[in-house]
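For reference, coords.csv is printed below; it contains CSV, C-alpha atoms.
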```
chain,number,residue,atom,x,y,z
K,114,MET,CA,9.1,-29.0,10.3
K,115,LYS,CA,9.0,-26.6,7.3
K,116,TYR,CA,8.8,-22.8,7.4
K,117,HIS,CA,8.4,-19.7,5.4
K,118,ILE,CA,10.1,-16.4,6.2
K,119,THR,CA,8.3,-13.2,5.1
K,120,VAL,CA,9.8,-9.7,5.2
K,121,ASP,CA,8.1,-6.2,5.0
K,122,ILE,CA,10.6,-3.4,4.3
K,123,GLY,CA,9.5,0.1,5.3
K,124,GLY,CA,11.2,3.5,5.4
K,125,THR,CA,11.3,3.4,9.2
K,126,GLN,CA,11.4,-0.3,10.1
K,127,ILE,CA,12.0,-3.7,8.6
K,128,ARG,CA,9.9,-6.6,9.9
K,129,SER,CA,10.5,-10.3,9.5
K,130,ALA,CA,8.1,-13.1,10.4
K,131,CYS,CA,8.4,-16.9,10.5
K,132,TYR,CA,5.4,-19.1,9.6
K,133,ARG,CA,5.0,-22.9,9.8
K,134,MET,CA,4.1,-24.4,6.5
K,135,ASN,CA,0.4,-24.0,5.7
K,136,SER,CA,-0.1,-21.8,8.8
K,137,ASN,CA,-1.3,-18.2,8.8
K,138,THR,CA,-0.1,-17.5,12.3
K,139,PRO,CA,3.5,-16.4,12.8
K,140,VAL,CA,5.7,-18.4,15.1
K,141,MET,CA,7.7,-15.2,15.7
K,142,ILE,CA,7.9,-11.6,14.4
K,143,GLU,CA,11.0,-9.4,14.8
K,144,ARG,CA,11.5,-5.8,13.7
K,145,ILE,CA,14.5,-3.5,13.4
K,146,SER,CA,15.0,0.2,12.4
K,147,THR,CA,15.7,0.6,8.7
K,148,GLN,CA,18.3,3.2,9.5
K,149,GLY,CA,21.3,2.6,11.8
K,150,GLU,CA,25.0,2.0,12.0
K,151,GLN,CA,24.8,-0.8,9.6
K,152,SER,CA,23.4,-0.5,6.1
K,153,ALA,CA,19.7,-1.2,5.5
K,154,LEU,CA,20.7,-4.4,3.6
K,155,GLU,CA,22.8,-5.6,6.6
K,156,ARG,CA,20.0,-4.8,9.0
K,157,LEU,CA,17.5,-6.7,6.8
K,158,CYS,CA,19.7,-9.8,7.0
K,159,MET,CA,20.0,-9.3,10.8
K,160,VAL,CA,16.3,-9.3,11.3
K,161,VAL,CA,15.8,-12.3,9.0
K,162,GLU,CA,18.5,-14.2,11.1
K,163,LYS,CA,16.5,-13.4,14.3
K,164,THR,CA,13.4,-15.2,12.9
K,165,TRP,CA,15.3,-18.1,11.4
K,166,PRO,CA,13.9,-21.4,12.9
K,167,THR,CA,16.2,-23.8,14.7
K,168,ASP,CA,14.0,-26.9,14.4
K,169,GLY,CA,13.3,-27.2,10.7
K,170,LYS,CA,13.8,-26.2,7.1
K,171,VAL,CA,13.0,-22.8,5.5
K,172,CYS,CA,11.4,-23.4,2.1
K,173,GLY,CA,11.8,-19.8,1.0
K,174,ILE,CA,11.9,-16.1,1.8
K,175,SER,CA,9.3,-13.6,0.4
K,176,VAL,CA,9.9,-9.9,0.6
K,177,ALA,CA,7.5,-6.9,0.3
K,178,ALA,CA,9.7,-4.0,-0.8
K,179,PRO,CA,9.0,-0.3,-1.3
K,180,GLY,CA,9.1,1.5,-4.6
K,181,PRO,CA,9.3,0.1,-8.1
K,182,VAL,CA,10.4,-3.5,-8.1
K,183,ASP,CA,11.3,-5.9,-10.9
K,184,PRO,CA,9.7,-9.1,-9.4
K,185,TRP,CA,11.1,-11.3,-12.1
K,186,GLU,CA,14.7,-10.5,-11.2
K,187,GLY,CA,14.1,-9.5,-7.6
K,188,ILE,CA,15.6,-6.1,-8.1
K,189,ILE,CA,14.5,-3.0,-6.1
K,190,LEU,CA,14.8,-0.4,-8.9
K,191,TYR,CA,14.4,2.5,-6.5
K,192,ALA,CA,13.3,2.9,-2.8
K,193,PRO,CA,12.5,6.6,-2.3
K,194,ASN,CA,12.7,6.4,1.5
K,195,ILE,CA,15.9,4.4,1.9
K,196,PRO,CA,19.0,6.4,0.9
K,197,GLY,CA,21.2,4.7,-1.6
K,198,TRP,CA,18.7,2.0,-2.5
K,199,LYS,CA,18.8,2.0,-6.3
K,200,ASP,CA,19.1,-1.1,-8.5
K,201,ILE,CA,19.5,-3.3,-5.4
K,202,HIS,CA,19.7,-7.0,-6.5
K,203,LEU,CA,17.9,-8.1,-3.3
K,204,LYS,CA,16.9,-11.6,-4.5
K,205,ASN,CA,20.5,-12.5,-5.4
K,206,HIS,CA,21.9,-11.1,-2.2
K,207,LEU,CA,19.5,-12.9,0.1
K,208,GLN,CA,19.8,-16.2,-1.8
K,209,ALA,CA,23.6,-16.0,-1.5
K,210,GLN,CA,23.3,-15.1,2.2
K,211,PHE,CA,20.7,-17.7,3.3
K,212,LYS,CA,21.0,-20.5,0.6
K,213,VAL,CA,17.2,-20.7,0.0
K,214,PRO,CA,15.0,-19.4,-2.8
K,215,VAL,CA,13.7,-15.8,-2.6
K,216,THR,CA,10.9,-13.8,-4.2
K,217,VAL,CA,10.6,-10.1,-4.1
K,218,GLY,CA,7.5,-7.9,-4.8
K,219,ASN,CA,6.3,-4.4,-4.5
K,220,ASP,CA,4.8,-3.7,-1.0
K,221,ALA,CA,1.5,-2.4,-2.3
K,222,ASN,CA,1.1,-5.4,-4.6
K,223,MET,CA,1.9,-7.6,-1.6
K,224,ALA,CA,-0.7,-5.8,0.5
K,225,ALA,CA,-3.2,-6.5,-2.3
K,226,MET,CA,-2.3,-10.2,-2.1
K,227,GLY,CA,-2.7,-10.2,1.6
K,228,GLU,CA,-6.2,-8.7,1.5
K,229,TRP,CA,-7.2,-11.0,-1.3
K,230,LYS,CA,-6.0,-14.2,0.5
K,231,PHE,CA,-6.6,-13.4,4.1
K,232,GLY,CA,-8.5,-10.1,4.5
K,233,SER,CA,-11.5,-8.2,3.0
K,234,GLY,CA,-11.0,-9.7,-0.5
K,235,ILE,CA,-11.5,-13.4,0.5
K,236,GLY,CA,-13.8,-15.0,-2.1
K,237,HIS,CA,-13.2,-12.4,-4.8
K,238,HIS,CA,-11.5,-13.1,-8.1
K,239,HIS,CA,-11.3,-9.6,-9.5
K,240,LEU,CA,-10.0,-7.1,-6.9
K,241,ILE,CA,-8.4,-3.7,-6.6
K,242,TYR,CA,-6.5,-2.6,-3.5
K,243,LEU,CA,-5.4,0.9,-2.7
K,244,THR,CA,-3.3,2.0,0.3
K,245,ILE,CA,-4.0,5.7,1.1
K,246,SER,CA,-1.5,7.1,3.5
K,247,THR,CA,1.5,9.4,3.0
K,248,GLY,CA,1.2,8.4,-0.7
K,249,ILE,CA,-1.1,6.2,-2.7
K,250,GLY,CA,-0.1,2.7,-3.9
K,251,GLY,CA,-2.1,-0.2,-5.1
K,252,GLY,CA,-2.4,-3.7,-6.5
K,253,ILE,CA,-4.7,-5.4,-8.9
K,254,ILE,CA,-5.9,-9.0,-8.9
K,255,MET,CA,-7.6,-10.2,-12.1
K,256,GLU,CA,-8.9,-13.8,-12.5
K,257,ASP,CA,-7.0,-14.8,-9.3
K,258,LYS,CA,-3.7,-13.5,-10.6
K,259,LEU,CA,-1.7,-10.4,-9.6
K,260,LEU,CA,-1.4,-8.0,-12.5
K,261,LEU,CA,2.2,-7.1,-12.9
K,262,GLY,CA,2.9,-5.9,-16.5
K,263,GLN,CA,6.0,-6.7,-18.6
K,264,ARG,CA,8.5,-5.2,-16.1
K,265,GLY,CA,6.4,-5.7,-12.9
K,266,LEU,CA,5.5,-2.0,-12.7
K,267,ALA,CA,1.8,-2.2,-13.2
K,268,GLY,CA,-0.7,-1.0,-10.6
K,269,GLU,CA,0.7,2.5,-9.9
K,270,MET,CA,-2.9,3.8,-9.4
K,271,GLY,CA,-1.8,6.7,-7.3
K,272,HIS,CA,-0.1,8.2,-10.3
K,273,VAL,CA,-3.0,8.6,-12.6
K,274,THR,CA,-3.8,12.2,-13.5
K,275,VAL,CA,-7.1,13.4,-12.1
K,276,LEU,CA,-6.5,17.2,-12.2
K,277,PRO,CA,-4.3,18.4,-15.1
K,278,GLY,CA,-2.1,21.2,-14.0
K,279,GLY,CA,-2.9,20.4,-10.3
K,280,PRO,CA,-0.6,20.2,-7.4
K,281,LEU,CA,2.8,18.5,-7.8
K,282,CYS,CA,3.0,14.9,-6.7
K,283,GLY,CA,5.9,13.5,-4.8
K,284,CYS,CA,7.1,12.0,-8.1
K,285,GLY,CA,7.4,15.4,-9.6
K,286,LYS,CA,4.4,15.2,-12.0
K,287,PRO,CA,1.3,17.5,-11.6
K,288,GLY,CA,-2.2,16.5,-10.8
K,289,HIS,CA,-1.8,12.9,-9.8
K,290,LEU,CA,-4.3,11.3,-7.5
K,291,GLU,CA,-1.6,10.9,-4.8
K,292,ALA,CA,-1.1,14.7,-4.8
K,293,ILE,CA,-4.7,15.3,-3.9
K,294,SER,CA,-6.2,12.3,-2.0
K,295,SER,CA,-3.3,11.1,0.0
K,296,GLY,CA,-2.7,12.2,3.6
K,297,THR,CA,0.0,14.5,2.4
K,298,GLY,CA,-2.3,16.0,-0.3
K,299,ILE,CA,-5.1,16.5,2.2
K,300,ALA,CA,-2.8,18.3,4.7
K,301,ARG,CA,-1.1,20.4,2.0
K,302,TRP,CA,-4.4,21.6,0.5
K,303,THR,CA,-5.8,22.5,4.0
K,304,GLN,CA,-2.7,24.4,4.9
K,305,GLY,CA,-2.9,26.3,1.7
K,306,GLU,CA,-6.5,27.3,2.2
K,307,ILE,CA,-5.7,28.5,5.7
K,308,GLN,CA,-2.8,30.6,4.3
K,309,LYS,CA,-5.4,32.2,2.0
K,310,GLY,CA,-7.3,33.3,5.0
K,311,ARG,CA,-10.1,30.8,5.2
K,312,PRO,CA,-11.3,30.3,8.8
K,313,SER,CA,-10.6,27.0,10.5
K,314,ALA,CA,-9.8,25.7,14.0
K,315,LEU,CA,-6.7,24.3,12.4
K,316,SER,CA,-5.3,27.8,12.0
K,317,ALA,CA,-3.9,27.5,15.5
K,318,HIS,CA,-1.5,24.8,14.3
K,319,GLU,CA,1.8,25.8,12.6
K,320,VAL,CA,2.0,22.5,10.8
K,321,ILE,CA,-1.1,20.7,9.5
K,322,THR,CA,-1.2,16.9,9.3
K,323,ALA,CA,-3.9,14.6,7.9
K,324,LYS,CA,-4.5,13.3,11.4
K,325,LEU,CA,-5.2,16.9,12.6
K,326,VAL,CA,-7.5,17.5,9.6
K,327,HIS,CA,-9.4,14.3,10.4
K,328,GLN,CA,-9.8,15.3,14.1
K,329,ALA,CA,-11.1,18.7,13.1
K,330,ALA,CA,-13.5,17.2,10.6
K,331,THR,CA,-15.0,14.9,13.3
K,332,GLU,CA,-15.5,18.0,15.4
K,333,GLY,CA,-17.4,19.8,12.6
K,334,ASP,CA,-14.7,22.1,11.2
K,335,GLU,CA,-16.1,23.1,7.8
K,336,LEU,CA,-12.7,23.4,6.0
K,337,ALA,CA,-11.6,20.0,7.3
K,338,ILE,CA,-14.8,18.4,6.1
K,339,GLU,CA,-14.3,20.1,2.7
K,340,ALA,CA,-10.7,18.7,2.6
K,341,PHE,CA,-12.1,15.2,2.9
K,342,ASN,CA,-14.9,15.9,0.4
K,343,ARG,CA,-12.4,17.1,-2.1
K,344,ALA,CA,-10.1,14.1,-1.5
K,345,GLY,CA,-13.0,11.7,-1.8
K,346,PHE,CA,-14.3,13.4,-5.0
K,347,TYR,CA,-11.1,12.9,-6.9
K,348,LEU,CA,-10.6,9.4,-5.4
K,349,GLY,CA,-14.1,8.4,-6.6
K,350,MET,CA,-13.4,9.9,-10.0
K,351,ALA,CA,-10.3,7.7,-10.3
K,352,LEU,CA,-12.0,4.6,-8.9
K,353,ALA,CA,-14.8,5.0,-11.6
K,354,ASP,CA,-12.1,4.9,-14.2
K,355,PHE,CA,-10.6,1.7,-12.6
K,356,LEU,CA,-14.1,0.2,-12.7
K,357,HIS,CA,-14.2,0.9,-16.4
K,358,LEU,CA,-10.8,-0.6,-16.9
K,359,PHE,CA,-10.9,-3.7,-14.7
K,360,ASN,CA,-14.5,-4.3,-13.8
K,361,PRO,CA,-13.7,-5.6,-10.3
K,362,THR,CA,-16.2,-7.0,-7.8
K,363,ILE,CA,-14.5,-5.2,-4.9
K,364,ILE,CA,-12.2,-2.2,-4.3
K,365,ILE,CA,-10.4,-2.3,-0.9
K,366,LEU,CA,-9.0,0.9,0.7
K,367,GLY,CA,-6.2,0.6,3.2
K,368,GLY,CA,-3.7,2.9,4.9
K,369,GLY,CA,-4.2,5.5,7.6
K,370,VAL,CA,-6.4,7.9,5.6
K,371,SER,CA,-8.9,5.1,4.9
K,372,ARG,CA,-9.5,4.8,8.7
K,373,SER,CA,-11.3,8.1,8.5
K,374,GLY,CA,-14.4,6.1,7.6
K,375,GLU,CA,-17.4,7.8,6.1
K,376,LEU,CA,-15.6,11.2,6.0
K,377,LEU,CA,-13.7,9.7,3.0
K,378,PHE,CA,-16.0,6.8,1.9
K,379,ALA,CA,-19.2,8.9,1.6
K,380,PRO,CA,-17.8,11.4,-1.0
K,381,THR,CA,-15.9,8.6,-2.7
K,382,ARG,CA,-19.0,6.6,-3.2
K,383,GLN,CA,-20.9,9.6,-4.5
K,384,ALA,CA,-18.2,10.4,-7.0
K,385,ILE,CA,-18.1,6.8,-8.2
K,386,GLU,CA,-21.8,6.9,-8.9
K,387,GLN,CA,-21.4,10.3,-10.6
K,388,PHE,CA,-18.6,9.3,-13.0
K,389,VAL,CA,-19.3,5.6,-13.7
K,390,ILE,CA,-20.6,5.4,-17.3
K,391,GLU,CA,-23.0,2.5,-16.8
K,392,PRO,CA,-24.8,1.3,-13.6
K,393,HIS,CA,-24.0,-2.3,-14.4
K,394,TYR,CA,-20.4,-1.6,-13.3
K,395,LEU,CA,-21.8,-1.4,-9.8
K,396,ASP,CA,-23.6,-4.8,-10.0
K,397,ASN,CA,-22.3,-7.0,-7.2
K,398,PHE,CA,-19.6,-4.3,-6.5
K,399,THR,CA,-18.3,-3.5,-3.0
K,400,LEU,CA,-16.2,-0.6,-1.8
K,401,THR,CA,-14.8,-1.5,1.6
K,402,GLN,CA,-12.1,-0.9,4.1
K,403,ALA,CA,-9.0,-3.2,4.4
K,404,ALA,CA,-9.0,-5.7,7.2
K,405,LEU,CA,-5.4,-6.5,7.8
K,406,GLY,CA,-4.1,-3.1,8.7
K,407,ASP,CA,-0.3,-2.9,9.2
K,408,GLU,CA,-0.1,-6.7,8.7
K,409,ALA,CA,-1.1,-6.6,5.0
K,410,GLY,CA,2.5,-6.6,3.7
K,411,LEU,CA,3.6,-9.5,5.8
K,412,MET,CA,0.4,-11.5,5.0
K,413,GLY,CA,0.8,-10.7,1.3
K,414,SER,CA,4.4,-11.9,1.4
K,415,LEU,CA,3.1,-15.1,3.1
K,416,ALA,CA,0.5,-15.6,0.3
K,417,LEU,CA,3.3,-15.3,-2.3
K,418,ALA,CA,5.6,-17.6,-0.3
K,419,GLN,CA,2.8,-20.2,-0.1
K,420,GLU,CA,2.4,-19.9,-3.9
K,421,TYR,CA,6.0,-20.0,-4.9
K,422,PHE,CA,7.4,-22.3,-2.2
K,423,PRO,CA,4.7,-24.9,-1.5
K,424,ALA,CA,7.1,-27.4,0.1
```

Go ahead and express the file in the form of structure tokens.
Amino acid sequence: MKYHITVDIGGTQIRSACYRMNSNTPVMIERISTQGEQSALERLCMVVEKTWPTDGKVCGISVAAPGPVDPWEGIILYAPNIPGWKDIHLKNHLQAQFKVPVTVGNDANMAAMGEWKFGSGIGHHHLIYLTISTGIGGGIIMEDKLLLGQRGLAGEMGHVTVLPGGPLCGCGKPGHLEAISSGTGIARWTQGEIQKGRPSALSAHEVITAKLVHQAATEGDELAIEAFNRAGFYLGMALADFLHLFNPTIIILGGGVSRSGELLFAPTRQAIEQFVIEPHYLDNFTLTQAALGDEAGLMGSLALAQEYFPA
């Protein structure tokens, strides 16, 4: 029996899954906290060992890693949510530890691969995926190939400037899409408006979260609804630009904020139609929600493993 091991590294937990060759159903999935007595690298190896099969051969390990990644060398250039993870030669480390080939990719790129192969993007050859949660990441499939760029750093669509001089992004630059349309951006803007004295049921909360804004919006709170309209407007503006650049047949939105449904999708669609320069960009085009949820990273890693380690 032959197997693939896939890994999804997050800021709070690391998950590892074992799949039989040519199967999309995991034999087992294990998880471990990213932080603990051991280093994150040691904990990663521990959880991989827990999913290692005893009745066959592992053909390769595929890893979805956070932050900028050099996929050619398998180096995590910087993982913002894992202290000390800078220039981590993960591929070399895992190959030395487990004596099998390893491939490493950015987690948002892997989620795009997962949705393309196993989720909402099945059957599409030109696809854009965005995960909208605490931040905004993404991946681009063009002509059935993941767009990586010369260093593997392409697809950072959350860091396009949509509002010059706007709020600071987590990266330190002003006016990025992530600073406005992410869950963090939605919560921060709402909190700022309340501090200005605008009425809202949310004023009873000391700390505003995107989840609270969503709940208030579903209950008809005008400020909360405006927060989603604002996020959708700038998201749609950016997506219109992506349509001009890449001409995809589908854009898939994943992440927690995307689960707000029409609160986000309705203003996003309206802004796309407002900013797109030519109606033909919308021919055979679909804007839809991701299907894989939290499994997108593992499934994307599986898609990469099946491509790189076919037997």

Long-range neighbours of Ile145 (chain K) as a PyMOL selection string, 10 Å cut-off, all atoms listed in the file, 3 positions minimum in chain: chain K and resi 122+125-129+148-149+153+156-157+159-161

Contact residues around Ser175 (chain K) with all atoms listed in the file at 12 Å, ignoring same-chain residues under 2 positions, as JSON, numbers by chain: {"K": [116, 117, 118, 119, 120, 121, 122, 128, 129, 130, 131, 132, 161, 171, 172, 173, 177, 178, 184, 187, 203, 204, 207, 208, 213, 214, 215, 216, 217, 218, 219, 220, 223, 410, 411, 412, 413, 414, 415, 416, 417, 418, 419, 420, 421, 422]}

Contact residues around region 272-274 of chain K with all atoms listed in the file at 10 Å, ignoring same-chain residues under 3 positions, as a list in words: Gly248, Ile249, Gly250, Gly268, Glu269, Pro277, Gly278, Gly279, Cys282, Gly283, Cys284, Lys286, Pro287, Gly288, His289, Leu290, Glu291, Ala292, Tyr347, Ala351 and Asp354 of chain K

Å distance separating CA of Pro166 (chain K) from CA of Glu143 (chain K), one decimal place: 12.5 Å

Length of the CA of Leu325 (chain K) to CA of Gly367 (chain K) vector [Å]: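 Straight-line distance from CA of Leu325 (chain K) to CA of Gly367 (chain K) works out to 18.8 Å.
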
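Among the candidates K:Arg372, K:His393, K:Arg133, K:Arg264, the one nearest to His327 (chain K) when counting only C-alpha atoms is K:Arg372.
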
Among the residues K:Gly310, K:Asn135, K:Pro179, K:Ala344, the one that comes closest to Tyr191 (chain K) [using all atoms listed in the file]: K:Pro179

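Using all atoms listed in the file, the smallest distance between any of K:Phe398, K:Ile363, K:Pro392, K:Arg343 and Gly234 (chain K) comes from K:Ile363.
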
Straight-line distance linking CA of Gly369 (chain K) with CA of Ile245 (chain K), stated in Å to one decimal: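 Taking CA of Gly369 (chain K) as the start and CA of Ile245 (chain K) as the end point, the length is 6.5 Å.
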
His202 (chain K) environment, 7 Å, all atoms listed in the file, sequence neighbours closer than 4 positions dropped, as number ranges by chain: K: 187-189, 206
